[in-house]
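A.B. asks: This is model-v5.csv, which holds CSV, C-alpha atoms and all ligand atoms:
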chain,number,residue,atom,x,y,z
A,1,MET,CA,84.3,77.3,60.9
A,2,GLU,CA,85.9,77.3,57.5
A,3,ARG,CA,88.9,75.3,58.8
A,4,GLY,CA,86.6,72.4,59.7
A,5,GLY,CA,86.4,73.2,63.4
A,6,ARG,CA,83.2,73.0,65.4
A,7,ALA,CA,81.6,75.3,67.9
A,8,PHE,CA,82.9,73.3,70.8
A,9,HIS,CA,86.4,73.6,69.4
A,10,ALA,CA,86.0,77.4,69.9
A,11,ARG,CA,84.9,76.8,73.5
A,12,ILE,CA,88.0,74.6,74.1
A,13,LEU,CA,90.2,77.2,72.6
A,14,ARG,CA,88.7,79.9,74.7
A,15,ARG,CA,89.2,77.9,77.9
A,16,GLU,CA,92.8,77.0,77.0
A,17,VAL,CA,93.7,80.7,76.5
A,18,LEU,CA,91.7,82.4,79.2
A,19,GLU,CA,91.6,79.8,82.0
A,20,ARG,CA,94.8,77.9,81.4
A,21,GLY,CA,97.0,80.5,79.8
A,22,THR,CA,98.0,78.3,76.9
A,23,LEU,CA,99.4,80.6,74.2
A,24,LYS,CA,100.6,78.0,71.7
A,25,TYR,CA,98.3,76.0,69.5
A,26,GLU,CA,100.7,73.0,69.7
A,27,ALA,CA,99.9,72.7,73.4
A,28,MET,CA,96.1,72.7,72.9
A,29,THR,CA,95.8,69.0,72.7
A,30,GLY,CA,92.0,69.1,73.0
A,31,LEU,CA,91.9,70.4,69.4
A,32,PRO,CA,92.3,68.1,66.3
A,33,ASP,CA,95.8,68.2,64.7
A,34,ARG,CA,94.6,69.5,61.4
A,35,LEU,CA,92.8,72.4,63.1
A,36,ARG,CA,95.9,73.3,65.2
A,37,GLU,CA,98.1,73.2,62.1
A,38,SER,CA,95.8,75.4,60.1
A,39,LEU,CA,95.4,77.9,62.9
A,40,SER,CA,99.1,78.2,63.6
A,41,ARG,CA,99.8,78.9,60.0
A,42,ASP,CA,97.9,82.2,59.8
A,43,LEU,CA,96.1,83.2,63.0
A,44,PRO,CA,98.4,84.2,65.9
A,45,VAL,CA,96.9,83.4,69.4
A,46,LEU,CA,97.6,87.0,70.4
A,47,GLY,CA,97.1,90.1,68.2
A,48,LEU,CA,99.3,92.4,70.3
A,49,VAL,CA,103.1,92.0,69.7
A,50,GLU,CA,105.7,92.5,72.3
A,51,LEU,CA,107.9,95.4,71.0
A,52,ALA,CA,110.1,96.0,74.0
A,53,ARG,CA,110.6,94.7,77.6
A,54,SER,CA,112.0,96.9,80.3
A,55,PRO,CA,112.8,95.0,83.5
A,56,SER,CA,113.7,96.7,86.8
A,57,LYS,CA,115.9,95.4,89.6
A,58,ASP,CA,112.9,95.2,91.9
A,59,GLY,CA,111.3,92.6,89.6
A,60,THR,CA,108.9,95.0,87.9
A,61,CYS,CA,108.7,94.5,84.2
A,62,LYS,CA,107.2,96.9,81.7
A,63,LEU,CA,106.0,95.6,78.3
A,64,LEU,CA,105.6,97.8,75.3
A,65,LEU,CA,102.9,96.1,73.1
A,66,GLY,CA,102.4,96.9,69.5
A,67,LEU,CA,98.8,97.1,68.1
A,68,ALA,CA,98.0,95.7,64.7
A,69,GLU,CA,96.7,98.8,62.7
A,70,GLY,CA,94.9,98.9,59.4
A,71,GLU,CA,96.8,99.3,56.2
A,72,GLY,CA,98.3,102.7,55.7
A,73,SER,CA,97.9,103.8,59.4
A,74,LYS,CA,101.0,104.1,61.6
A,75,ALA,CA,101.5,101.3,64.0
A,76,GLN,CA,100.8,102.3,67.6
A,77,SER,CA,101.9,101.0,71.0
A,78,ILE,CA,100.7,100.7,74.6
A,79,GLU,CA,102.2,99.8,77.9
A,80,THR,CA,101.5,97.1,80.4
A,81,VAL,CA,103.4,96.7,83.7
A,82,HIS,CA,103.9,93.4,85.6
A,83,ILE,CA,104.6,94.1,89.3
A,84,PRO,CA,105.5,91.0,91.3
A,85,PRO,CA,104.9,91.0,95.1
A,86,LEU,CA,107.8,92.3,97.2
A,87,SER,CA,107.9,89.2,99.4
A,88,ARG,CA,106.6,85.8,98.3
A,89,LYS,CA,104.9,85.3,101.6
A,90,ALA,CA,102.9,88.5,101.5
A,91,GLN,CA,101.0,87.9,98.3
A,92,SER,CA,100.3,85.0,96.0
A,93,GLY,CA,100.7,86.8,92.6
A,94,ALA,CA,101.7,89.9,90.8
A,95,THR,CA,99.8,93.1,90.1
A,96,LEU,CA,99.2,94.0,86.5
A,97,CYS,CA,98.9,97.6,85.4
A,98,VAL,CA,97.0,98.0,82.1
A,99,SER,CA,96.2,100.7,79.6
A,100,THR,CA,92.8,101.6,78.1
A,101,GLN,CA,93.7,104.2,75.4
A,102,VAL,CA,96.5,104.9,73.0
A,103,GLY,CA,97.5,108.3,74.5
A,104,CYS,CA,95.2,110.3,76.7
A,105,PRO,CA,93.0,113.3,76.0
A,106,VAL,CA,93.0,114.7,79.6
A,107,GLY,CA,96.4,116.3,79.4
A,108,CYS,CA,97.6,116.4,83.0
A,109,PRO,CA,100.9,118.3,82.8
A,110,PHE,CA,102.8,115.9,85.1
A,111,CYS,CA,101.9,112.8,83.1
A,112,ALA,CA,103.8,111.3,80.2
A,113,SER,CA,100.8,109.5,78.8
A,114,GLY,CA,99.0,112.7,77.8
A,115,LYS,CA,101.9,114.4,76.1
A,116,ALA,CA,100.8,113.6,72.6
A,117,GLY,CA,97.0,113.6,73.2
A,118,LEU,CA,94.6,110.8,72.3
A,119,VAL,CA,95.2,108.6,69.3
A,120,ARG,CA,92.3,106.2,69.8
A,121,ASN,CA,90.4,104.0,72.3
A,122,LEU,CA,91.6,100.4,72.8
A,123,ARG,CA,89.1,97.7,71.8
A,124,ALA,CA,88.0,95.2,74.5
A,125,ASP,CA,90.2,92.5,73.0
A,126,GLU,CA,93.3,94.8,73.2
A,127,ILE,CA,92.6,95.5,76.8
A,128,LEU,CA,92.1,91.8,77.6
A,129,GLU,CA,95.2,90.7,75.7
A,130,GLN,CA,97.4,92.8,78.1
A,131,TYR,CA,96.3,90.3,80.8
A,132,LEU,CA,97.4,87.4,78.6
A,133,HIS,CA,100.8,88.9,77.9
A,134,GLY,CA,101.2,89.9,81.6
A,135,ARG,CA,100.3,86.4,82.9
A,136,ALA,CA,103.0,84.9,80.7
A,137,LEU,CA,105.4,86.8,83.0
A,138,GLY,CA,103.9,85.2,86.2
A,139,ALA,CA,100.6,84.6,87.8
A,140,ILE,CA,98.4,87.7,88.4
A,141,ALA,CA,96.6,88.2,91.7
A,142,ARG,CA,95.4,91.8,91.2
A,143,SER,CA,95.2,94.5,88.6
A,144,VAL,CA,95.2,98.3,88.4
A,145,VAL,CA,93.8,100.1,85.4
A,146,MET,CA,96.4,102.9,85.8
A,147,GLY,CA,98.4,102.6,82.5
A,148,ILE,CA,97.9,104.9,79.6
A,149,GLY,CA,94.5,106.5,79.1
A,150,GLU,CA,91.4,107.6,80.9
A,151,PRO,CA,89.4,104.4,81.5
A,152,LEU,CA,86.0,106.0,81.9
A,153,LEU,CA,86.3,107.5,78.5
A,154,ASN,CA,86.4,104.0,77.1
A,155,PHE,CA,84.0,102.4,79.5
A,156,ASP,CA,82.1,99.9,77.2
A,157,ALA,CA,85.3,98.2,76.0
A,158,LEU,CA,86.8,98.3,79.5
A,159,LEU,CA,83.7,96.7,81.0
A,160,ALA,CA,83.6,93.9,78.4
A,161,ALA,CA,87.3,93.1,79.0
A,162,LEU,CA,87.2,93.2,82.8
A,163,THR,CA,84.1,91.0,82.9
A,164,ILE,CA,86.1,88.3,81.1
A,165,VAL,CA,89.2,89.0,83.3
A,166,HIS,CA,86.9,88.6,86.4
A,167,LYS,CA,84.8,85.6,85.3
A,168,GLU,CA,87.1,83.6,83.1
A,169,MET,CA,90.6,84.5,84.4
A,170,GLY,CA,89.4,84.4,88.0
A,171,ILE,CA,90.6,87.8,89.3
A,172,GLY,CA,88.2,89.0,92.1
A,173,ALA,CA,86.3,92.3,91.7
A,174,ARG,CA,87.8,93.6,94.9
A,175,LYS,CA,91.3,93.0,93.4
A,176,ILE,CA,90.8,95.1,90.3
A,177,THR,CA,91.1,98.9,90.7
A,178,VAL,CA,90.2,101.4,87.9
A,179,SER,CA,91.6,104.9,88.3
A,180,SER,CA,89.8,107.8,86.7
A,181,VAL,CA,89.9,111.6,86.9
A,182,GLY,CA,86.2,111.2,87.8
A,183,PHE,CA,83.9,112.7,85.1
A,184,PRO,CA,80.8,112.9,87.3
A,185,GLU,CA,78.3,111.5,84.7
A,186,ARG,CA,80.6,108.7,83.7
A,187,VAL,CA,81.2,107.7,87.4
A,188,ARG,CA,77.4,107.6,87.9
A,189,ARG,CA,76.9,105.5,84.7
A,190,ALA,CA,79.7,103.2,85.8
A,191,ALA,CA,78.2,102.8,89.3
A,192,LEU,CA,74.8,101.8,87.8
A,193,ALA,CA,76.5,99.1,85.7
A,194,ARG,CA,77.8,97.5,89.0
A,195,PRO,CA,81.1,96.6,87.3
A,196,PRO,CA,83.6,94.1,88.6
A,197,PHE,CA,86.1,96.7,90.0
A,198,GLN,CA,86.9,99.2,92.7
A,199,LEU,CA,87.1,102.9,91.8
A,200,ALA,CA,89.9,105.3,92.4
A,201,ILE,CA,89.5,109.0,91.6
A,202,SER,CA,92.6,111.1,90.8
A,203,LEU,CA,91.8,114.3,92.7
A,204,HIS,CA,95.3,115.8,93.2
A,205,THR,CA,94.0,118.8,95.1
A,206,ALA,CA,91.0,120.1,97.0
A,207,PHE,CA,91.3,123.6,95.3
A,208,ASP,CA,89.2,124.1,92.2
A,209,GLU,CA,91.6,126.5,90.4
A,210,GLU,CA,94.5,124.3,90.9
A,211,ARG,CA,92.7,121.2,89.8
A,212,ALA,CA,91.8,123.0,86.6
A,213,ALA,CA,95.5,123.3,85.8
A,214,LEU,CA,96.4,119.8,86.9
A,215,VAL,CA,93.5,118.0,85.2
A,216,PRO,CA,92.8,120.3,82.2
A,217,ALA,CA,89.9,118.2,80.7
A,218,MET,CA,88.0,118.8,84.0
A,219,ALA,CA,88.6,122.5,84.2
A,220,LYS,CA,84.9,123.2,84.1
A,221,THR,CA,83.9,120.6,86.6
A,222,PRO,CA,83.8,121.7,90.3
A,223,ILE,CA,85.5,119.3,92.7
A,224,GLU,CA,82.2,119.2,94.7
A,225,GLU,CA,80.6,117.5,91.7
A,226,VAL,CA,83.4,114.9,91.5
A,227,LEU,CA,83.0,114.2,95.2
A,228,SER,CA,79.3,113.8,95.0
A,229,ALA,CA,79.6,111.4,92.1
A,230,GLY,CA,82.1,109.5,94.3
A,231,ASP,CA,79.4,109.4,97.0
A,232,PHE,CA,76.9,108.1,94.5
A,233,TRP,CA,79.4,105.3,93.6
A,234,PHE,CA,79.7,104.3,97.2
A,235,GLU,CA,75.9,104.4,97.8
A,236,THR,CA,75.2,102.4,94.6
A,237,THR,CA,78.0,99.8,94.8
A,238,GLY,CA,78.8,99.7,98.5
A,239,ARG,CA,82.5,100.0,97.6
A,240,GLU,CA,84.5,102.9,99.0
A,241,VAL,CA,86.2,105.3,96.7
A,242,THR,CA,90.0,105.8,96.9
A,243,TYR,CA,91.0,109.4,96.2
A,244,GLU,CA,94.5,109.7,94.7
A,245,VAL,CA,96.8,112.7,95.0
A,246,VAL,CA,100.1,112.9,93.1
A,247,LEU,CA,102.2,115.0,95.3
A,248,LEU,CA,104.2,117.6,93.5
A,249,ALA,CA,106.9,119.4,95.5
A,250,GLY,CA,106.1,123.0,96.2
A,251,LEU,CA,102.8,122.9,94.4
A,252,ASN,CA,100.1,120.7,96.0
A,253,ASP,CA,102.1,119.3,98.9
A,254,THR,CA,101.8,122.2,101.3
A,255,LEU,CA,100.2,121.8,104.7
A,256,GLN,CA,97.3,124.0,103.7
A,257,HIS,CA,96.7,121.5,100.9
A,258,ALA,CA,96.7,118.6,103.3
A,259,GLU,CA,94.2,120.4,105.7
A,260,GLU,CA,91.9,121.4,102.9
A,261,LEU,CA,91.9,117.9,101.5
A,262,GLY,CA,91.1,116.5,105.0
A,263,ARG,CA,88.3,119.0,105.4
A,264,ARG,CA,86.7,118.2,102.1
A,265,LEU,CA,86.8,114.4,102.6
A,266,ALA,CA,86.0,114.3,106.3
A,267,GLY,CA,82.9,112.3,107.0
A,268,ARG,CA,83.0,110.6,103.6
A,269,ARG,CA,83.6,106.8,103.4
A,270,ALA,CA,86.8,107.2,101.4
A,271,THR,CA,90.6,106.6,101.6
A,272,VAL,CA,93.3,108.8,100.3
A,273,ASN,CA,96.4,107.4,98.4
A,274,LEU,CA,99.3,109.8,98.3
A,275,ILE,CA,101.6,109.2,95.3
A,276,PRO,CA,104.9,111.0,95.4
A,277,PHE,CA,105.5,112.3,91.9
A,278,ASN,CA,107.7,110.1,89.6
A,279,PRO,CA,110.0,112.4,87.7
A,280,VAL,CA,109.2,112.2,83.9
A,281,VAL,CA,111.4,113.0,81.0
A,282,ASP,CA,111.8,116.8,80.6
A,283,GLY,CA,109.4,117.4,83.4
A,284,ASP,CA,108.9,120.7,85.3
A,285,PHE,CA,107.8,118.9,88.4
A,286,GLN,CA,109.6,117.5,91.4
A,287,ARG,CA,109.1,114.8,94.0
A,288,PRO,CA,108.6,116.0,97.6
A,289,GLU,CA,110.9,114.9,100.4
A,290,GLY,CA,109.8,111.9,102.4
A,291,GLN,CA,109.3,114.0,105.5
A,292,ARG,CA,106.9,116.3,103.8
A,293,VAL,CA,105.0,113.3,102.5
A,294,ASP,CA,104.7,111.9,106.0
A,295,GLU,CA,103.5,115.3,107.4
A,296,PHE,CA,101.0,115.6,104.7
A,297,ARG,CA,99.6,112.1,105.4
A,298,GLU,CA,99.4,112.9,109.2
A,299,LEU,CA,97.4,116.1,108.6
A,300,VAL,CA,94.9,114.3,106.3
A,301,GLU,CA,94.5,111.5,108.9
A,302,ASN,CA,94.0,114.2,111.6
A,303,ALA,CA,90.7,115.0,109.8
A,304,GLY,CA,89.6,111.4,110.3
A,305,VAL,CA,90.4,110.2,106.8
A,306,VAL,CA,92.5,107.1,106.2
A,307,ALA,CA,95.6,108.0,104.1
A,308,ARG,CA,98.3,105.8,102.7
A,309,VAL,CA,101.5,106.6,100.8
A,310,ARG,CA,102.3,104.8,97.6
A,311,TRP,CA,105.9,105.1,96.5
A,312,SER,CA,105.9,103.6,92.9
A,313,ARG,CA,108.2,100.8,91.9
A,314,GLY,CA,110.1,100.1,88.7
A,315,LEU,CA,111.6,103.6,89.0
A,316,GLU,CA,115.1,103.0,87.7
A,317,SER,CA,114.1,101.5,84.4
A,318,ASP,CA,111.4,103.7,82.9
A,319,ALA,CA,109.7,105.5,85.8
A,320,ALA,CA,106.0,106.6,85.5
A,321,CYS,CA,103.4,105.3,83.2
A,322,GLY,CA,103.6,106.4,79.6
A,323,GLN,CA,107.4,106.8,79.6
A,324,LEU,CA,108.4,103.7,77.7
A,325,ARG,CA,106.0,104.6,74.9
A,326,LEU,CA,107.2,108.2,74.9
A,327,ARG,CA,110.8,107.1,74.5
A,328,ASN,CA,110.0,104.8,71.6
A,401,LIG,N1,93.9,108.4,83.6
A,401,LIG,C1,93.7,107.8,84.9
A,401,LIG,C2,94.4,106.5,85.0
A,401,LIG,C3,95.9,106.5,84.6
A,401,LIG,S1,97.0,107.4,85.5
A,401,LIG,C4,94.0,108.7,86.0
A,401,LIG,O1,94.5,109.8,85.8
A,401,LIG,O2,93.6,108.4,87.1
A,401,LIG,C5,97.1,106.5,87.0
A,401,LIG,C6,97.6,107.4,88.2
A,401,LIG,O3,99.0,107.7,88.0
A,401,LIG,C7,96.9,108.7,88.3
A,401,LIG,O4,96.5,108.9,89.7
A,401,LIG,C8,97.9,109.7,87.8
A,401,LIG,O5,97.7,110.9,88.4
A,401,LIG,C9,99.2,109.0,88.3
A,401,LIG,N2,100.4,109.6,87.6
A,401,LIG,C10,100.5,110.0,86.3
A,401,LIG,N3,101.7,110.4,86.1
A,401,LIG,C11,102.4,110.3,87.2
A,401,LIG,C12,103.7,110.6,87.6
A,401,LIG,N4,104.6,111.1,86.8
A,401,LIG,N5,104.1,110.3,88.9
A,401,LIG,C13,103.2,109.8,89.8
A,401,LIG,N6,102.0,109.5,89.4
A,401,LIG,C14,101.6,109.7,88.2
A,402,LIG,FE1,95.5,110.9,81.3
A,402,LIG,FE2,95.6,109.9,83.8
A,402,LIG,FE3,97.8,110.8,82.6
A,402,LIG,FE4,96.0,112.6,83.3
A,402,LIG,S1,97.2,111.2,84.7
A,402,LIG,S2,97.0,112.5,81.3
A,402,LIG,S3,94.1,111.4,82.9
A,402,LIG,S4,96.6,109.1,82.0
Step by step, read the file and then write its structure as structure tokens.
Ligand code: SAH
Ligand code: SF4
C.D. replies:
Amino acid sequence: MERGGRAFHARILRREVLERGTLKYEAMTGLPDRLRESLSRDLPVLGLVELARSPSKDGTCKLLLGLAEGEGSKAQSIETVHIPPLSRKAQSGATLCVSTQVGCPVGCPFCASGKAGLVRNLRADEILEQYLHGRALGAIARSVVMGIGEPLLNFDALLAALTIVHKEMGIGARKITVSSVGFPERVRRAALARPPFQLAISLHTAFDEERAALVPAMAKTPIEEVLSAGDFWFETTGREVTYEVVLLAGLNDTLQHAEELGRRLAGRRATVNLIPFNPVVDGDFQRPEGQRVDEFRELVENAGVVARVRWSRGLESDAACGQLRLRN
């Protein structure tokens, strides 16, 4: 180290930041004074800068984090959402929702994240730092990789970051869920790596033509191939897949949709999460009524498939993922 630090100082620093959550050099008393002074002069502990904070009444807090870009290129930003438990008794810590890309190339028409396409993949350190910013708002017990971007299109960086989150920040593999549109080859590759997370696949509909419109980057991939990649994930990792369906009023929320979904998933070891649509800025889509959502869930369950409804929180501040970034 040119600052006069030793290799074991780097280990101390790593432990302070990752295990103890110390984000100020002054507080890292295991390091020599001279080294702490030198580091605090010109090397920030975190590279991502908090640009905006958007708290909701229910305790959810969305962070807009700025990325340090090279000279000449425009500064970019991503979102991270800290979601505390609804009741203190029920759970010990918050859920953190993190991003994996700046923008998204998949282009789902109901999603704010894809509106401007993909700018770039996040690096592993940029994915990891979201956990450090998030933990500063309160302890994290679980995490969902459901922010901006398609995680399996940036798998190497994601795996490197989540391995550290799991091993050094102590979040259990069963408490981390990665949500993907389910590119079959990428799901298989991920399964073989036995990564420290659970998999959720955004299916949205059991009809191929409709899925082509709702998940444009997968227009040429039949749903059957997505499901068999999901089966491969289960056989390889022993962890069940969760299939997600964003319910859009009058589109994919009809009773025929529920029946077809149940039919396709019947007999598979899988769970369905129904997510009533969050209205996005200038959106063409609508959220279904609660009663329709309940009927939909019952029909899926009639096929012998476990289905849950997930109403999203943090609605009154900046609704669905990608919106804070879009607004800025
Ligand atoms: N790209 C990945 C992960 C990020 S999106 C994926 O699509 O799975 C995480 C989840 O939020 C997905 O299931 C996505 O369909 C859903 N989502 C996106 N926009 C939404 C909105 N406006 N309302 C409700 N859910 C939304
Ligand atoms: Fe990308 Fe997921 Fe949004 Fe689709 S829903 S545009 S895959 S972030």
A.B. asks: Kindly work out which residues sit at most 9 Å from ligand LIG 401 (chain A), using only C-alpha atoms and all ligand atoms, and give the list as a ChimeraX atom specification.
C.D. replies: /A:98-100,104,106,108-114,144-152,178-182,200-204,215,243-248,273,275-280,283,285,287,311-312,319-323
A.B. asks: One decimal, Å: what's the distance from atom CA of Ala229 of chain A over to atom CA of Ala160 of chain A, could you say?
C.D. replies: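 The value is 22.6 Å.
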A.B. asks: For a test of reading the model, state the distance in Å between atom CA of Gly170 of chain A and atom CA of Val81 of chain A, rounded to one decimal.
C.D. replies: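 So the two atoms, atom CA of Gly170 of chain A and atom CA of Val81 of chain A, lie 19.1 Å apart.
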A.B. asks: I'd like to know which of A:Arg194, A:Lys115, A:Lys220, A:Arg186 is closest to ligand LIG 402 (chain A), using all atoms listed in the file.
C.D. replies: A:Lys115
A.B. asks: Atom CA of Leu96 of chain A and atom CA of Pro216 of chain A are how many Å apart?
C.D. replies: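 About the pair atom CA of Leu96 of chain A and atom CA of Pro216 of chain A: they are 27.4 Å apart.
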A.B. asks: Taking 3 positions as the minimum chain separation for residues in the same chain, which residues sit within 8 Å of segment 172-174 of chain A when counting all atoms listed in the file? Answer as a list of chain:residue names.
C.D. replies: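 Result of the neighbour search: A:Arg142, A:His166, A:Thr177, A:Pro196, A:Phe197, A:Gln198.
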A.B. asks: I'd like the neighbourhood of Glu301 of chain A as a list in words, where a residue qualifies if any of its atoms comes within 12 Å (using all atoms listed in the file), though same-chain residues fewer than 4 positions away should be ignored.
C.D. replies: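 Close residues of Glu301 of chain A: Ala258, Glu259, Glu260, Leu261, Gly262, Arg263, Leu265, Ala266, Gly267, Ala270, Thr271, Val272, Asn273, Leu274, Asp294, Glu295, Phe296, Arg297, Val305, Val306, Ala307, Arg308 and Val309 of chain A.
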A.B. asks: Write the residues of the selection above to a file with C-alpha atoms, as a PDB file, in the frame of the given file.
C.D. replies:
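Final file, part_1.pdb:
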ATOM      1  CA  ALA A 258      96.700 118.600 103.300  1.00  0.00           C
ATOM      2  CA  GLU A 259      94.200 120.400 105.700  1.00  0.00           C
ATOM      3  CA  GLU A 260      91.900 121.400 102.900  1.00  0.00           C
ATOM      4  CA  LEU A 261      91.900 117.900 101.500  1.00  0.00           C
ATOM      5  CA  GLY A 262      91.100 116.500 105.000  1.00  0.00           C
ATOM      6  CA  ARG A 263      88.300 119.000 105.400  1.00  0.00           C
ATOM      7  CA  LEU A 265      86.800 114.400 102.600  1.00  0.00           C
ATOM      8  CA  ALA A 266      86.000 114.300 106.300  1.00  0.00           C
ATOM      9  CA  GLY A 267      82.900 112.300 107.000  1.00  0.00           C
ATOM     10  CA  ALA A 270      86.800 107.200 101.400  1.00  0.00           C
ATOM     11  CA  THR A 271      90.600 106.600 101.600  1.00  0.00           C
ATOM     12  CA  VAL A 272      93.300 108.800 100.300  1.00  0.00           C
ATOM     13  CA  ASN A 273      96.400 107.400  98.400  1.00  0.00           C
ATOM     14  CA  LEU A 274      99.300 109.800  98.300  1.00  0.00           C
ATOM     15  CA  ASP A 294     104.700 111.900 106.000  1.00  0.00           C
ATOM     16  CA  GLU A 295     103.500 115.300 107.400  1.00  0.00           C
ATOM     17  CA  PHE A 296     101.000 115.600 104.700  1.00  0.00           C
ATOM     18  CA  ARG A 297      99.600 112.100 105.400  1.00  0.00           C
ATOM     19  CA  VAL A 305      90.400 110.200 106.800  1.00  0.00           C
ATOM     20  CA  VAL A 306      92.500 107.100 106.200  1.00  0.00           C
ATOM     21  CA  ALA A 307      95.600 108.000 104.100  1.00  0.00           C
ATOM     22  CA  ARG A 308      98.300 105.800 102.700  1.00  0.00           C
ATOM     23  CA  VAL A 309     101.500 106.600 100.800  1.00  0.00           C
TER      24      VAL A 309
END
A.B. asks: For ligand LIG 402 (chain A), which residue among A:Lys62, A:Arg292, A:Arg15, A:Arg211 is the nearest when counting only C-alpha atoms and all ligand atoms?
C.D. replies: A:Arg211
A.B. asks: Could you name the residues that touch Pro32 of chain A at 10 Å or less, counting all atoms listed in the file, but leaving out those on the same chain fewer than 3 positions away, as a list in words?
C.D. replies: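 Using all atoms listed in the file, the neighbours found are Gly4, Gly5, His9, Met28, Thr29, Leu35, Arg36 and Glu37 of chain A.
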A.B. asks: I need the residue nearest Arg135 of chain A from this list: A:Pro85, A:Pro222, A:Gly93, A:Pro105. Use only C-alpha atoms for the distance.
C.D. replies: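 Closest to Arg135 of chain A of all the choices is A:Gly93.
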A.B. asks: Could you name the residues that touch Leu51 of chain A at 9 Å or less, counting all atoms listed in the file, but leaving out those on the same chain fewer than 4 positions away, as an mmCIF file with C-alpha atoms, keeping the file's coordinate frame?
C.D. replies:
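part.cif, written as the output of this step:
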data_model
loop_
_atom_site.group_PDB
_atom_site.id
_atom_site.type_symbol
_atom_site.label_atom_id
_atom_site.label_comp_id
_atom_site.auth_asym_id
_atom_site.auth_seq_id
_atom_site.Cartn_x
_atom_site.Cartn_y
_atom_site.Cartn_z
ATOM 1 C CA LEU A 63 106.000 95.600 78.300
ATOM 2 C CA LEU A 64 105.600 97.800 75.300
ATOM 3 C CA LEU A 65 102.900 96.100 73.100
ATOM 4 C CA GLY A 66 102.400 96.900 69.500
ATOM 5 C CA SER A 77 101.900 101.000 71.000
#
A.B. asks: Using all atoms listed in the file, which residue out of A:Leu13, A:Ala212, A:Ala157, A:Ile127 lies closest to ligand LIG 402 (chain A)?
C.D. replies: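 So, comparing all the options, the nearest one is A:Ala212.
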A.B. asks: For Ser38 of chain A, which residue out of A:Arg3, A:Leu67, A:Ala303, A:Glu209 is the nearest one, using all atoms listed in the file?
C.D. replies: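 Using all atoms listed in the file, Ser38 of chain A sits closest to A:Arg3.
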A.B. asks: Would you kindly return, as a ChimeraX atom specification, each protein, DNA or RNA residue with an atom no farther than 12 Å from any atom of segment 40-49 of chain A, considering only C-alpha atoms and excluding same-chain residues fewer than 4 positions away?
C.D. replies: /A:3,13-14,16-18,21-28,33-36,53,63-69,75-80,122-123,125-134,136
A.B. asks: Which is closest to Pro195 of chain A among A:Val293, A:Leu299, A:Ile164, A:Leu251, if we use only C-alpha atoms?
C.D. replies: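 That would be A:Ile164, the residue with the smallest distance to Pro195 of chain A.
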